[in-house]
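Inspection log for the structure reproduced underneath, given as structure tokens.
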Amino acid sequence: MDINIFLVITAAVLLLAGLVGTVVPVLPGVPLAWCGLLAAHFSQTTATPVWVLVVTGIIAVIVTVLDSILQPYLTKRNGGSKYAVWGAAIGLIVSLFLGPLFVIIAPFIGAFIGEMIHDSSDTERALKAAFGSFLGFLLGTGIKMICVFVYIWILVFEIIR
């Protein structure tokens with residue numbers, strides 16, 4: 001197999017794995033997708049400029065950091081305590097064993113349970129904190145998906161060009 005074809009196939013696989021990683025918590029979606037662009041750069045089939053790799057690499061770092069900050073920040077901003085933040089994190093880990101639907105629901109439930117453990121008398125506050133956790137998850141996932149779709153578009157554009 002020609003090395004150029006191998007690099008383009010590797011790039012495509014990494015970009016698709018990055019897309020899956022936007023919703024699966026254990027896979028670093030955006031960094032994987034960026035590695036796909038890097039693999040494509042070394043292929044003679046595509047002509048991805050170095051400046052594109054630098055810009056997309058910086059964006060990958062910013063998006064990854066932002067994703068790890070959004071959920072705890074929005075949970076706390078909506079009145080959640082450390083218990084709600086930990087509950088959301090535990091819910092996300094548990095969701096890995098329960099299936100794809102639970103990746104969306106489990107952080108909400110975890111934040112709610114965590115906040116109820118902290119203060120069982122205030123259900124409204126626990127729901128508000130859980131909603132903040134859910135919103136943080138959705139925003140983080142949305143930002144990651146947009147980023148990975150742009151990376152996929154860059155690869156497709158480079159192949160067509």
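Letters A, B, ... mark the chains of the structure tokens in the order given; residue numbers begin at 1 per chain; ligand numbers begin at 1, in order shown.
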
### Query
Could you pull the residues within 7 Å of Val8 (chain A), counting only C-alpha atoms, minus those fewer than 4 positions along the same chain, as number ranges by chain?
A: 4, 12, 40, 43

Next, write the just-selected residues to a file, as a CSV table (one decimal), in the first residue's frame, keeping N, CA, C and O atoms as the atom set.
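Final file, again13.csv:
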chain,number,residue,atom,x,y,z
A,4,ASN,N,1.1,7.3,1.1
A,4,ASN,CA,0.1,8.5,1.0
A,4,ASN,C,-1.3,8.0,1.3
A,4,ASN,O,-2.1,8.7,2.0
A,12,ALA,N,-8.4,9.9,8.2
A,12,ALA,CA,-9.9,9.7,8.2
A,12,ALA,C,-10.3,8.9,9.4
A,12,ALA,O,-11.3,9.3,10.1
A,40,ALA,N,-2.7,13.8,7.8
A,40,ALA,CA,-3.0,14.2,6.4
A,40,ALA,C,-1.9,15.2,5.9
A,40,ALA,O,-1.5,15.2,4.7
A,43,SER,N,1.0,13.5,4.2
A,43,SER,CA,0.6,12.8,2.9
A,43,SER,C,0.8,13.8,1.7
A,43,SER,O,0.6,15.0,1.8

Restrict the calculation to only C-alpha atoms, then for each residue of region 2-29 of chain A with any atom at most 12 Å from an atom of region 103-125 of chain A give the closest atom pair and their distance in Å to one decimal, rows by chain and rising residue number, as CSV.
residue,atom,partner,partner_atom,distance
A:Gly21,CA,A:Val103,CA,11.8
A:Thr22,CA,A:Val103,CA,11.0
A:Val23,CA,A:Val103,CA,7.4
A:Val24,CA,A:Val103,CA,7.4
A:Pro25,CA,A:Val103,CA,8.1
A:Val26,CA,A:Val103,CA,11.2

Hey, could you make a per-residue contact list for region 114-137 of chain A against region 60-67 of chain A with 12 Å as the cut-off, showing the nearest pair of atoms and its distance in Å to one decimal, counting only C-alpha atoms, sorted by chain and number, as a Markdown table?
| residue | atom | partner | partner_atom | distance |
| --- | --- | --- | --- | --- |
| A:Ser133 | CA | A:Asp67 | CA | 11.9 |
| A:Leu135 | CA | A:Asp67 | CA | 11.6 |
| A:Gly136 | CA | A:Asp67 | CA | 8.1 |
| A:Phe137 | CA | A:Asp67 | CA | 8.0 |

### Message
Excluding Leu16 (chain A) and its own-chain neighbours fewer than 2 positions away, which residues fall within 12 Å of it when counting only C-alpha atoms? Please give them as JSON, numbers by chain.
### Response
{"A": [9, 10, 11, 12, 13, 14, 18, 19, 20, 21, 22, 23, 27, 28, 29, 30, 31, 32, 33, 34, 35, 36, 37, 145, 148, 149, 151, 152, 153, 155]}

Save out the residues we just selected, C-alpha atoms, as a PDB file, in the first residue's frame.
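Output contents, as saved in part38.pdb:
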ATOM      1  CA  ILE A   9      -6.844   6.532   5.641  1.00  0.00           C
ATOM      2  CA  THR A  10      -5.187   7.047   9.037  1.00  0.00           C
ATOM      3  CA  ALA A  11      -6.280  10.693   8.983  1.00  0.00           C
ATOM      4  CA  ALA A  12      -9.868   9.718   8.178  1.00  0.00           C
ATOM      5  CA  VAL A  13      -9.943   7.079  10.925  1.00  0.00           C
ATOM      6  CA  LEU A  14      -8.542   9.548  13.473  1.00  0.00           C
ATOM      7  CA  GLY A  18     -12.431  12.209  17.142  1.00  0.00           C
ATOM      8  CA  LEU A  19     -16.073  12.610  16.156  1.00  0.00           C
ATOM      9  CA  VAL A  20     -17.008   9.631  18.335  1.00  0.00           C
ATOM     10  CA  GLY A  21     -14.845  11.122  21.097  1.00  0.00           C
ATOM     11  CA  THR A  22     -17.006  14.226  21.216  1.00  0.00           C
ATOM     12  CA  VAL A  23     -19.692  12.208  22.994  1.00  0.00           C
ATOM     13  CA  LEU A  27     -11.854   9.465  24.032  1.00  0.00           C
ATOM     14  CA  PRO A  28     -10.161  12.858  23.588  1.00  0.00           C
ATOM     15  CA  GLY A  29     -12.221  13.803  20.536  1.00  0.00           C
ATOM     16  CA  VAL A  30     -10.696  17.076  19.388  1.00  0.00           C
ATOM     17  CA  PRO A  31      -7.043  16.048  19.960  1.00  0.00           C
ATOM     18  CA  LEU A  32      -7.668  12.797  18.056  1.00  0.00           C
ATOM     19  CA  ALA A  33      -9.213  14.713  15.178  1.00  0.00           C
ATOM     20  CA  TRP A  34      -6.265  17.117  15.152  1.00  0.00           C
ATOM     21  CA  CYS A  35      -3.909  14.128  14.929  1.00  0.00           C
ATOM     22  CA  GLY A  36      -5.895  13.179  11.829  1.00  0.00           C
ATOM     23  CA  LEU A  37      -5.083  16.554  10.297  1.00  0.00           C
ATOM     24  CA  MET A 145     -18.573  18.607  17.549  1.00  0.00           C
ATOM     25  CA  VAL A 148     -14.282  18.204  14.731  1.00  0.00           C
ATOM     26  CA  PHE A 149     -16.701  18.845  11.834  1.00  0.00           C
ATOM     27  CA  TYR A 151     -11.459  19.530  10.922  1.00  0.00           C
ATOM     28  CA  ILE A 152     -13.270  16.949   8.779  1.00  0.00           C
ATOM     29  CA  TRP A 153     -14.234  19.702   6.337  1.00  0.00           C
ATOM     30  CA  LEU A 155      -9.490  17.262   5.260  1.00  0.00           C
TER      31      LEU A 155
END

### Query
Of the candidates A:Val85, A:Ile5, A:Val156, A:Ile93, which shows the shortest atom-to-atom distance to Phe42 (chain A), using only C-alpha atoms?
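With only C-alpha atoms as the atom set, the closest residue is A:Ile5.
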
### Message
With only C-alpha atoms as the counted atoms, please give the residues lying no more than 9 Å from Thr75 (chain A), apart from itself and same-chain residues fewer than 2 positions off, as a ChimeraX atom specification.
### Response
/A:70-73,77-82,84-85,88,111,128-136

### Message
Please return, as a ChimeraX atom specification, all residues of chain A that DSSP assigns to helix (DSSP H, G or I) on the basis of the backbone.
### Response
/A:3-21,29-41,50-77,82-98,100-118,123-160

Using only C-alpha atoms, what does the table of region 9-101 of chain A residues within 9 Å of region 158-161 of chain A look like, with each row giving the shortest atom pair and its distance in Å to one decimal, sorted by chain and ascending number, as a Markdown table?
| residue | atom | partner | partner_atom | distance |
| --- | --- | --- | --- | --- |
| A:Ala40 | CA | A:Glu158 | CA | 8.9 |
| A:Thr45 | CA | A:Ile159 | CA | 6.6 |
| A:Thr46 | CA | A:Glu158 | CA | 5.2 |
| A:Ala47 | CA | A:Glu158 | CA | 6.2 |
| A:Thr48 | CA | A:Glu158 | CA | 6.5 |

Give me a file of those residues, with N, CA and C atoms, as a PDB file, in the first residue's frame.
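See selection.pdb below for the written result:
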ATOM      1  N   ALA A  40      -2.669  13.770   7.806  1.00  0.00           N
ATOM      2  CA  ALA A  40      -2.952  14.198   6.435  1.00  0.00           C
ATOM      3  C   ALA A  40      -1.878  15.155   5.927  1.00  0.00           C
ATOM      4  N   THR A  45      -0.988  13.526  -0.832  1.00  0.00           N
ATOM      5  CA  THR A  45      -2.325  13.621  -1.401  1.00  0.00           C
ATOM      6  C   THR A  45      -2.995  14.923  -0.996  1.00  0.00           C
ATOM      7  N   THR A  46      -2.693  15.388   0.194  1.00  0.00           N
ATOM      8  CA  THR A  46      -3.263  16.636   0.691  1.00  0.00           C
ATOM      9  C   THR A  46      -2.149  17.660   0.837  1.00  0.00           C
ATOM     10  N   ALA A  47      -2.537  18.911   0.883  1.00  0.00           N
ATOM     11  CA  ALA A  47      -1.548  19.983   1.020  1.00  0.00           C
ATOM     12  C   ALA A  47      -1.945  20.885   2.181  1.00  0.00           C
ATOM     13  N   THR A  48      -2.153  20.302   3.354  1.00  0.00           N
ATOM     14  CA  THR A  48      -2.541  21.080   4.520  1.00  0.00           C
ATOM     15  C   THR A  48      -1.367  21.955   4.951  1.00  0.00           C
TER      16      THR A  48
END

### Query
Which of these, A:Leu7, A:Leu74, A:Ile69, A:Ile143, has the shortest distance to His41 (chain A) once you count only C-alpha atoms?
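Among A:Leu7, A:Leu74, A:Ile69, A:Ile143, it is A:Leu7 that comes nearest to His41 (chain A).
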